[in-house]
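Pasted below: coords.json, JSON, C-alpha atoms.
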```json
[["chain", "number", "residue", "atom", "x", "y", "z"],
["A", 153, "MET", "CA", 87.70, 73.78, 144.38],
["A", 154, "VAL", "CA", 87.38, 75.40, 140.96],
["A", 155, "ASP", "CA", 88.63, 78.96, 140.68],
["A", 156, "ARG", "CA", 85.75, 80.45, 138.71],
["A", 157, "LYS", "CA", 87.53, 83.68, 137.84],
["A", 158, "GLN", "CA", 90.52, 81.80, 136.44],
["A", 159, "ASN", "CA", 88.18, 79.43, 134.60],
["A", 160, "ILE", "CA", 86.44, 82.43, 132.99],
["A", 161, "ILE", "CA", 89.78, 84.01, 132.05],
["A", 162, "GLU", "CA", 90.96, 80.78, 130.41],
["A", 163, "ALA", "CA", 87.65, 80.39, 128.56],
["A", 164, "ALA", "CA", 87.77, 83.99, 127.36],
["A", 165, "ALA", "CA", 91.39, 83.61, 126.22],
["A", 166, "LYS", "CA", 90.35, 80.54, 124.26],
["A", 167, "SER", "CA", 87.42, 82.40, 122.67],
["A", 168, "PHE", "CA", 89.51, 85.48, 121.84],
["A", 169, "THR", "CA", 92.14, 83.19, 120.29],
["A", 170, "LEU", "CA", 89.62, 81.25, 118.20],
["A", 171, "PHE", "CA", 87.23, 84.01, 117.18],
["A", 172, "GLY", "CA", 89.05, 87.27, 117.84],
["A", 173, "TYR", "CA", 88.01, 90.07, 120.11],
["A", 174, "LYS", "CA", 85.24, 91.46, 117.94],
["A", 175, "ALA", "CA", 83.48, 88.10, 117.37],
["A", 176, "THR", "CA", 83.76, 86.91, 120.97],
["A", 177, "THR", "CA", 80.62, 87.33, 123.04],
["A", 178, "MET", "CA", 80.09, 86.94, 126.76],
["A", 179, "ASP", "CA", 77.61, 84.15, 125.92],
["A", 180, "GLN", "CA", 80.43, 82.23, 124.19],
["A", 181, "VAL", "CA", 82.75, 82.76, 127.13],
["A", 182, "ALA", "CA", 80.05, 81.57, 129.55],
["A", 183, "LYS", "CA", 79.44, 78.47, 127.45],
["A", 184, "ILE", "CA", 83.14, 77.60, 127.20],
["A", 185, "ALA", "CA", 83.63, 78.26, 130.95],
["A", 186, "ASN", "CA", 80.47, 76.31, 131.76],
["A", 187, "VAL", "CA", 79.11, 79.13, 133.91],
["A", 188, "GLY", "CA", 76.14, 81.45, 133.68],
["A", 189, "LYS", "CA", 76.74, 84.76, 131.96],
["A", 190, "GLY", "CA", 75.91, 86.52, 135.24],
["A", 191, "THR", "CA", 78.84, 84.77, 136.90],
["A", 192, "ILE", "CA", 81.21, 86.49, 134.46],
["A", 193, "TYR", "CA", 79.81, 89.87, 135.44],
["A", 194, "THR", "CA", 80.54, 89.21, 139.12],
["A", 195, "PHE", "CA", 84.25, 89.32, 138.19],
["A", 196, "PHE", "CA", 84.36, 91.56, 135.12],
["A", 197, "GLU", "CA", 82.34, 94.65, 134.27],
["A", 198, "ASN", "CA", 82.39, 93.97, 130.53],
["A", 199, "LYS", "CA", 84.19, 92.23, 127.68],
["A", 200, "GLU", "CA", 86.77, 95.03, 127.47],
["A", 201, "GLN", "CA", 87.78, 94.58, 131.11],
["A", 202, "LEU", "CA", 88.05, 90.81, 130.66],
["A", 203, "PHE", "CA", 90.15, 91.27, 127.53],
["A", 204, "LYS", "CA", 92.41, 93.79, 129.30],
["A", 205, "GLU", "CA", 92.99, 91.27, 132.12],
["A", 206, "ILE", "CA", 94.06, 88.65, 129.57],
["A", 207, "VAL", "CA", 96.31, 91.07, 127.69],
["A", 208, "SER", "CA", 97.90, 92.18, 130.97],
["A", 209, "ASP", "CA", 98.79, 88.55, 131.64],
["A", 210, "LEU", "CA", 100.21, 88.27, 128.12],
["A", 211, "VAL", "CA", 102.36, 91.35, 128.80],
["A", 212, "ARG", "CA", 103.63, 89.73, 132.03],
["A", 213, "GLN", "CA", 104.55, 86.58, 130.09],
["A", 214, "ILE", "CA", 106.39, 88.59, 127.43],
["A", 215, "LYS", "CA", 108.33, 90.52, 130.08],
["A", 216, "LEU", "CA", 109.31, 87.24, 131.70],
["A", 217, "VAL", "CA", 110.61, 85.88, 128.38],
["A", 218, "ALA", "CA", 112.70, 89.03, 127.91],
["A", 219, "VAL", "CA", 114.07, 89.07, 131.46],
["A", 220, "GLU", "CA", 114.98, 85.37, 131.33],
["A", 221, "ALA", "CA", 116.98, 85.97, 128.13],
["A", 222, "ILE", "CA", 119.32, 88.42, 129.90],
["A", 223, "HIS", "CA", 122.61, 87.12, 131.30],
["A", 224, "GLU", "CA", 124.68, 89.81, 133.01],
["A", 225, "GLN", "CA", 128.00, 88.32, 131.87],
["A", 226, "ARG", "CA", 127.08, 88.69, 128.17],
["A", 227, "PRO", "CA", 127.65, 91.91, 126.22],
["A", 228, "PHE", "CA", 124.72, 94.28, 125.76],
["A", 229, "HIS", "CA", 124.12, 93.50, 122.08],
["A", 230, "GLU", "CA", 123.97, 89.73, 122.70],
["A", 231, "ASN", "CA", 121.51, 90.18, 125.56],
["A", 232, "LEU", "CA", 119.34, 92.53, 123.55],
["A", 233, "HIS", "CA", 119.30, 90.17, 120.58],
["A", 234, "ALA", "CA", 118.41, 87.20, 122.81],
["A", 235, "ALA", "CA", 115.62, 89.13, 124.53],
["A", 236, "LEU", "CA", 114.12, 90.58, 121.34],
["A", 237, "TYR", "CA", 114.31, 87.31, 119.50],
["A", 238, "GLY", "CA", 112.73, 85.51, 122.44],
["A", 239, "VAL", "CA", 109.88, 88.02, 122.64],
["A", 240, "LEU", "CA", 109.20, 87.93, 118.91],
["A", 241, "ASP", "CA", 109.46, 84.14, 118.85],
["A", 242, "PHE", "CA", 106.95, 84.07, 121.71],
["A", 243, "ARG", "CA", 104.62, 86.39, 119.78],
["A", 244, "LYS", "CA", 105.02, 84.26, 116.69],
["A", 245, "SER", "CA", 104.08, 81.05, 118.49],
["A", 246, "HIS", "CA", 101.51, 82.34, 120.99],
["A", 247, "GLN", "CA", 98.10, 82.05, 119.33],
["A", 248, "LEU", "CA", 96.43, 84.92, 121.20],
["A", 249, "ALA", "CA", 99.28, 87.29, 120.36],
["A", 250, "ILE", "CA", 98.95, 86.26, 116.71],
["A", 251, "LYS", "CA", 95.20, 86.85, 116.77],
["A", 252, "ILE", "CA", 95.63, 90.28, 118.40],
["A", 253, "ALA", "CA", 98.15, 91.32, 115.73],
["A", 254, "GLN", "CA", 95.97, 89.96, 112.93],
["A", 255, "GLU", "CA", 92.76, 91.60, 114.16],
["A", 256, "GLY", "CA", 94.57, 94.84, 114.85],
["A", 257, "ARG", "CA", 95.77, 94.99, 111.24],
["A", 258, "GLU", "CA", 92.58, 93.80, 109.59],
["A", 259, "MET", "CA", 89.76, 95.29, 111.66],
["A", 260, "ASN", "CA", 91.32, 98.17, 113.56],
["A", 261, "THR", "CA", 89.19, 97.31, 116.62],
["A", 262, "PRO", "CA", 89.83, 99.94, 119.35],
["A", 263, "ALA", "CA", 90.24, 97.39, 122.18],
["A", 264, "VAL", "CA", 92.63, 95.34, 120.05],
["A", 265, "LYS", "CA", 94.59, 98.43, 119.06],
["A", 266, "GLU", "CA", 94.93, 99.24, 122.76],
["A", 267, "ALA", "CA", 96.09, 95.66, 123.45],
["A", 268, "SER", "CA", 98.69, 95.89, 120.68],
["A", 269, "SER", "CA", 99.84, 99.18, 122.11],
["A", 270, "MET", "CA", 100.17, 97.65, 125.60],
["A", 271, "LEU", "CA", 102.31, 94.83, 124.19],
["A", 272, "GLU", "CA", 104.51, 97.20, 122.21],
["A", 273, "THR", "CA", 104.88, 99.62, 125.12],
["A", 274, "ALA", "CA", 106.04, 96.79, 127.38],
["A", 275, "VAL", "CA", 108.69, 95.69, 124.89],
["A", 276, "LEU", "CA", 109.83, 99.27, 124.22],
["A", 277, "SER", "CA", 110.11, 99.93, 127.94],
["A", 278, "PHE", "CA", 112.24, 96.82, 128.37],
["A", 279, "ILE", "CA", 114.58, 97.78, 125.48],
["A", 280, "ARG", "CA", 114.87, 101.34, 126.77],
["A", 281, "HIS", "CA", 115.80, 100.09, 130.23],
["A", 282, "GLU", "CA", 118.47, 97.79, 128.76],
["A", 283, "LEU", "CA", 119.86, 100.66, 126.69],
["A", 284, "GLU", "CA", 120.05, 102.87, 129.78],
["A", 285, "LYS", "CA", 121.88, 100.11, 131.69],
["A", 286, "ALA", "CA", 124.34, 99.69, 128.81],
["A", 287, "ILE", "CA", 124.99, 103.46, 128.70],
["A", 288, "GLU", "CA", 125.54, 103.50, 132.46],
["A", 289, "LYS", "CA", 128.04, 100.60, 132.18],
["A", 290, "GLY", "CA", 129.84, 102.37, 129.34],
["A", 291, "GLU", "CA", 129.05, 99.63, 126.81],
["A", 292, "ILE", "CA", 127.40, 102.04, 124.38],
["A", 293, "LYS", "CA", 127.54, 105.77, 123.87],
["A", 294, "GLU", "CA", 124.86, 108.21, 125.00],
["A", 295, "CYS", "CA", 121.81, 108.20, 122.75],
["A", 296, "ASN", "CA", 118.11, 109.02, 122.78],
["A", 297, "THR", "CA", 116.94, 105.72, 124.29],
["A", 298, "GLU", "CA", 113.32, 106.33, 123.36],
["A", 299, "ILE", "CA", 114.11, 106.64, 119.66],
["A", 300, "ALA", "CA", 116.79, 103.93, 119.72],
["A", 301, "SER", "CA", 114.45, 101.41, 121.38],
["A", 302, "TYR", "CA", 111.73, 102.21, 118.84],
["A", 303, "VAL", "CA", 114.09, 101.75, 115.87],
["A", 304, "MET", "CA", 115.47, 98.51, 117.33],
["A", 305, "LEU", "CA", 112.04, 97.00, 117.87],
["A", 306, "LYS", "CA", 110.73, 98.04, 114.45],
["A", 307, "MET", "CA", 113.85, 96.68, 112.76],
["A", 308, "TYR", "CA", 113.51, 93.38, 114.58],
["A", 309, "VAL", "CA", 109.82, 93.08, 113.77],
["A", 310, "SER", "CA", 110.57, 93.80, 110.12],
["A", 311, "LEU", "CA", 113.35, 91.24, 109.94],
["A", 312, "VAL", "CA", 111.38, 88.53, 111.77],
["A", 313, "PHE", "CA", 107.90, 89.05, 110.30],
["A", 314, "ASP", "CA", 107.86, 91.36, 107.29],
["A", 315, "TRP", "CA", 110.98, 90.17, 105.48],
["A", 316, "GLU", "CA", 109.67, 86.63, 105.14],
["A", 317, "LEU", "CA", 106.52, 87.80, 103.35],
["A", 318, "GLU", "CA", 108.58, 88.19, 100.17],
["A", 319, "HIS", "CA", 111.92, 86.52, 100.99],
["A", 320, "LYS", "CA", 113.34, 83.37, 102.48],
["A", 321, "PRO", "CA", 113.11, 83.70, 106.29],
["A", 322, "LEU", "CA", 116.29, 84.83, 108.00],
["A", 323, "SER", "CA", 117.95, 82.63, 110.58],
["A", 324, "LYS", "CA", 118.41, 83.80, 114.14],
["A", 325, "GLU", "CA", 122.13, 84.25, 113.42],
["A", 326, "GLU", "CA", 121.51, 86.28, 110.25],
["A", 327, "ILE", "CA", 119.17, 88.58, 112.16],
["A", 328, "ALA", "CA", 121.77, 89.00, 114.93],
["A", 329, "ASP", "CA", 124.47, 89.83, 112.37],
["A", 330, "ILE", "CA", 122.29, 92.37, 110.55],
["A", 331, "PHE", "CA", 121.21, 93.90, 113.84],
["A", 332, "GLU", "CA", 124.80, 94.23, 115.01],
["A", 333, "ASP", "CA", 126.12, 95.55, 111.67],
["A", 334, "ILE", "CA", 123.44, 98.21, 111.28],
["A", 335, "LEU", "CA", 122.57, 99.27, 114.82],
["A", 336, "ILE", "CA", 125.03, 98.09, 117.42],
["A", 337, "THR", "CA", 128.21, 99.06, 115.61],
["A", 338, "GLY", "CA", 126.85, 102.58, 115.41],
["A", 339, "LEU", "CA", 126.28, 102.67, 119.19],
["A", 340, "ARG", "CA", 129.55, 101.16, 120.38],
["A", 341, "LYS", "CA", 132.22, 103.38, 121.85]]
```
How does this structure look as structure tokens?
Amino acid sequence: MVDRKQNIIEAAAKSFTLFGYKATTMDQVAKIANVGKGTIYTFFENKEQLFKEIVSDLVRQIKLVAVEAIHEQRPFHENLHAALYGVLDFRKSHQLAIKIAQEGREMNTPAVKEASSMLETAVLSFIRHELEKAIEKGEIKECNTEIASYVMLKMYVSLVFDWELEHKPLSKEEIADIFEDILITGLRK
């Protein structure tokens, strides 16, 4: 039996990826899903709710990537690097995440801005939690974990995405070295 709701979600994700949030219509989603438009509304109140469902799933996937990168026997800075790099690599290769970032920058669509915020909040929450665990274990000194997680994420995003706009892309190892030299050394006891 076909799971209609899942079929609609997959069709909408495809449409959002191809056309962006703003250009996607419920008619397009219905056509891709091969259902009547009314069928969509039995599961989702509107396009915003459907988009939020898809973004929530994207957040779950990103959290999974981050969690799977953590190995308790590794030092904090290695785990954090592996998790951040994995998340940003996921974002870089996941077409819907790329489209959300692109549309957020170019069109400033409110629903897309909210989606970008959900993604960033999930990553910041993860980093903050890892910082708190490292403080508790005595691996790093006390710090404002909210600010530290924000700076870490922004630095990583800049090194992975922004740097290569005008420079040769950095390798994973170069990013880890820069990250450790600038941020981690300052946090170590």
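In this structure, CA of Lys157 in chain A sits 18.9 Å away from CA of Tyr173 in chain A.
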Counting only C-alpha atoms, the residue of A:Thr273, A:Ile161, A:His223, A:Ala267 that sits nearest Glu255 in chain A: A:Ala267
For a quick check of understanding, using all atoms listed in the file, which of A:Asp209, A:Lys189, A:Thr337, A:Ala221 has the smallest distance to Lys293 in chain A?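 Of A:Asp209, A:Lys189, A:Thr337, A:Ala221, the one nearest Lys293 in chain A, counting all atoms listed in the file, is A:Thr337.
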Between A:Thr194, A:Gln213, A:Asn159, A:Gln225, which one has atoms that come closest to Phe242 in chain A, using all atoms listed in the file?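 Smallest separation from Phe242 in chain A among the options: A:Gln213.
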CA of Pro227 in chain A to CA of Arg243 in chain A, distance in Å rounded to a single decimal: 24.5 Å
Residue neighbourhood Tyr193 in chain A, 12 Å, all atoms listed in the file, exclusion window fewer than 6 positions, as JSON, numbers by chain: {"A": [156, 157, 160, 178, 179, 181, 182, 187, 199, 200, 201, 202]}
CA of Lys320 in chain A to CA of Tyr308 in chain A: how many Å, to one decimal?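 Between CA of Lys320 in chain A and CA of Tyr308 in chain A the gap works out to 15.7 Å.
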Compile the contact shell of Gln158 in chain A as a list in words: residues with an atom at most 10 Å away, counting all atoms listed in the file, same-chain residues fewer than 5 positions apart removed.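 That gives Ala163, Ala164, Ala185 and Phe195 of chain A.
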Counting only C-alpha atoms, the residue of A:Lys166, A:His281, A:Lys289, A:Lys251 that sits nearest Leu232 in chain A: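 Nearest candidate to Leu232 in chain A out of A:Lys166, A:His281, A:Lys289, A:Lys251: A:His281.
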Just checking: using all atoms listed in the file, which residue out of A:Gly190, A:Val217, A:Ala235, A:Ile252 ends up closest to Leu170 in chain A?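 The answer is A:Ile252, which sits nearest to Leu170 in chain A.
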Within 12 Å of Gly172 in chain A using all atoms listed in the file, minus same-chain residues under 2 positions, as a PyMOL selection string: chain A and resi 164-170+174-177+180+203+247-256+258-261+263-264
Do a neighbour search on His229 in chain A at 9 Å with all atoms listed in the file, toss out local chain neighbours closer than 4 positions, and write the hits as a PyMOL selection string. chain A and resi 233-234+328+331-332+336
Between A:Leu236, A:Ile206, A:Leu335, A:Val211, which is the closest to Ser269 in chain A once you count all atoms listed in the file?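 Nearest to Ser269 in chain A: A:Val211.
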Within 8 Å of Arg280 in chain A, counting all atoms listed in the file, which residues show up once you throw out same-chain ones fewer than 4 positions away? Write them as a PyMOL selection string, please. chain A and resi 276+284+297-298+300-301
With all heavy atoms as the target, complete range 173-184 of chain A and hand it back as a PDB file, in the frame of the given file.
```pdb
ATOM      1  N   TYR A 173      88.674  89.238 119.116  1.00  0.00           N
ATOM      2  CA  TYR A 173      88.010  90.070 120.110  1.00  0.00           C
ATOM      3  C   TYR A 173      86.597  90.433 119.660  1.00  0.00           C
ATOM      4  O   TYR A 173      85.623  90.287 120.392  1.00  0.00           O
ATOM      5  CB  TYR A 173      88.810  91.354 120.378  1.00  0.00           C
ATOM      6  CG  TYR A 173      88.085  92.309 121.284  1.00  0.00           C
ATOM      7  CD1 TYR A 173      88.094  92.121 122.654  1.00  0.00           C
ATOM      8  CD2 TYR A 173      87.346  93.371 120.765  1.00  0.00           C
ATOM      9  CE1 TYR A 173      87.408  92.962 123.505  1.00  0.00           C
ATOM     10  CE2 TYR A 173      86.661  94.225 121.600  1.00  0.00           C
ATOM     11  CZ  TYR A 173      86.686  94.018 122.965  1.00  0.00           C
ATOM     12  OH  TYR A 173      85.992  94.856 123.792  1.00  0.00           O
ATOM     13  N   LYS A 174      86.507  90.933 118.443  1.00  0.00           N
ATOM     14  CA  LYS A 174      85.240  91.460 117.940  1.00  0.00           C
ATOM     15  C   LYS A 174      84.140  90.392 117.915  1.00  0.00           C
ATOM     16  O   LYS A 174      82.993  90.666 118.259  1.00  0.00           O
ATOM     17  CB  LYS A 174      85.448  92.051 116.550  1.00  0.00           C
ATOM     18  CG  LYS A 174      84.362  92.981 116.114  1.00  0.00           C
ATOM     19  CD  LYS A 174      84.782  93.742 114.877  1.00  0.00           C
ATOM     20  CE  LYS A 174      83.785  94.860 114.626  1.00  0.00           C
ATOM     21  NZ  LYS A 174      84.259  95.779 113.625  1.00  0.00           N
ATOM     22  N   ALA A 175      84.487  89.164 117.517  1.00  0.00           N
ATOM     23  CA  ALA A 175      83.480  88.100 117.370  1.00  0.00           C
ATOM     24  C   ALA A 175      83.186  87.355 118.675  1.00  0.00           C
ATOM     25  O   ALA A 175      82.238  86.587 118.743  1.00  0.00           O
ATOM     26  CB  ALA A 175      83.935  87.116 116.296  1.00  0.00           C
ATOM     27  N   THR A 176      83.996  87.587 119.688  1.00  0.00           N
ATOM     28  CA  THR A 176      83.760  86.910 120.970  1.00  0.00           C
ATOM     29  C   THR A 176      82.621  87.609 121.714  1.00  0.00           C
ATOM     30  O   THR A 176      82.584  88.825 121.805  1.00  0.00           O
ATOM     31  CB  THR A 176      85.036  86.918 121.828  1.00  0.00           C
ATOM     32  OG1 THR A 176      85.998  86.062 121.213  1.00  0.00           O
ATOM     33  CG2 THR A 176      84.770  86.420 123.244  1.00  0.00           C
ATOM     34  N   THR A 177      81.717  86.796 122.237  1.00  0.00           N
ATOM     35  CA  THR A 177      80.620  87.330 123.040  1.00  0.00           C
ATOM     36  C   THR A 177      80.727  86.767 124.453  1.00  0.00           C
ATOM     37  O   THR A 177      81.360  85.723 124.677  1.00  0.00           O
ATOM     38  CB  THR A 177      79.248  86.925 122.462  1.00  0.00           C
ATOM     39  OG1 THR A 177      79.102  85.501 122.559  1.00  0.00           O
ATOM     40  CG2 THR A 177      79.098  87.374 121.009  1.00  0.00           C
ATOM     41  N   MET A 178      80.101  87.432 125.383  1.00  0.00           N
ATOM     42  CA  MET A 178      80.090  86.940 126.760  1.00  0.00           C
ATOM     43  C   MET A 178      79.309  85.615 126.836  1.00  0.00           C
ATOM     44  O   MET A 178      79.618  84.770 127.672  1.00  0.00           O
ATOM     45  CB  MET A 178      79.509  87.985 127.706  1.00  0.00           C
ATOM     46  CG  MET A 178      80.404  89.218 127.821  1.00  0.00           C
ATOM     47  SD  MET A 178      82.073  88.849 128.373  1.00  0.00           S
ATOM     48  CE  MET A 178      82.084  89.708 129.920  1.00  0.00           C
ATOM     49  N   ASP A 179      78.332  85.434 125.967  1.00  0.00           N
ATOM     50  CA  ASP A 179      77.610  84.150 125.920  1.00  0.00           C
ATOM     51  C   ASP A 179      78.558  83.014 125.554  1.00  0.00           C
ATOM     52  O   ASP A 179      78.499  81.938 126.147  1.00  0.00           O
ATOM     53  CB  ASP A 179      76.452  84.217 124.904  1.00  0.00           C
ATOM     54  CG  ASP A 179      75.281  85.049 125.396  1.00  0.00           C
ATOM     55  OD1 ASP A 179      75.001  85.028 126.620  1.00  0.00           O
ATOM     56  OD2 ASP A 179      74.652  85.724 124.561  1.00  0.00           O
ATOM     57  N   GLN A 180      79.445  83.252 124.568  1.00  0.00           N
ATOM     58  CA  GLN A 180      80.430  82.230 124.190  1.00  0.00           C
ATOM     59  C   GLN A 180      81.358  81.911 125.351  1.00  0.00           C
ATOM     60  O   GLN A 180      81.644  80.751 125.621  1.00  0.00           O
ATOM     61  CB  GLN A 180      81.291  82.716 123.016  1.00  0.00           C
ATOM     62  CG  GLN A 180      80.640  82.702 121.684  1.00  0.00           C
ATOM     63  CD  GLN A 180      81.541  83.369 120.646  1.00  0.00           C
ATOM     64  OE1 GLN A 180      82.253  84.333 120.946  1.00  0.00           O
ATOM     65  NE2 GLN A 180      81.502  82.855 119.435  1.00  0.00           N
ATOM     66  N   VAL A 181      81.834  82.955 126.002  1.00  0.00           N
ATOM     67  CA  VAL A 181      82.750  82.760 127.130  1.00  0.00           C
ATOM     68  C   VAL A 181      82.061  81.954 128.218  1.00  0.00           C
ATOM     69  O   VAL A 181      82.642  81.010 128.761  1.00  0.00           O
ATOM     70  CB  VAL A 181      83.260  84.118 127.678  1.00  0.00           C
ATOM     71  CG1 VAL A 181      84.090  83.913 128.943  1.00  0.00           C
ATOM     72  CG2 VAL A 181      84.069  84.861 126.618  1.00  0.00           C
ATOM     73  N   ALA A 182      80.809  82.297 128.525  1.00  0.00           N
ATOM     74  CA  ALA A 182      80.050  81.570 129.550  1.00  0.00           C
ATOM     75  C   ALA A 182      79.900  80.101 129.181  1.00  0.00           C
ATOM     76  O   ALA A 182      80.061  79.210 130.023  1.00  0.00           O
ATOM     77  CB  ALA A 182      78.675  82.215 129.743  1.00  0.00           C
ATOM     78  N   LYS A 183      79.612  79.849 127.913  1.00  0.00           N
ATOM     79  CA  LYS A 183      79.440  78.470 127.450  1.00  0.00           C
ATOM     80  C   LYS A 183      80.749  77.679 127.571  1.00  0.00           C
ATOM     81  O   LYS A 183      80.756  76.562 128.075  1.00  0.00           O
ATOM     82  CB  LYS A 183      78.945  78.467 125.997  1.00  0.00           C
ATOM     83  CG  LYS A 183      78.582  77.108 125.475  1.00  0.00           C
ATOM     84  CD  LYS A 183      77.997  77.210 124.081  1.00  0.00           C
ATOM     85  CE  LYS A 183      77.625  75.816 123.586  1.00  0.00           C
ATOM     86  NZ  LYS A 183      77.058  75.858 122.250  1.00  0.00           N
ATOM     87  N   ILE A 184      81.843  78.277 127.130  1.00  0.00           N
ATOM     88  CA  ILE A 184      83.140  77.600 127.200  1.00  0.00           C
ATOM     89  C   ILE A 184      83.546  77.366 128.660  1.00  0.00           C
ATOM     90  O   ILE A 184      84.084  76.316 129.004  1.00  0.00           O
ATOM     91  CB  ILE A 184      84.232  78.410 126.447  1.00  0.00           C
ATOM     92  CG1 ILE A 184      83.932  78.432 124.942  1.00  0.00           C
ATOM     93  CG2 ILE A 184      85.621  77.820 126.697  1.00  0.00           C
ATOM     94  CD1 ILE A 184      84.789  79.414 124.149  1.00  0.00           C
TER      95      ILE A 184
END
```
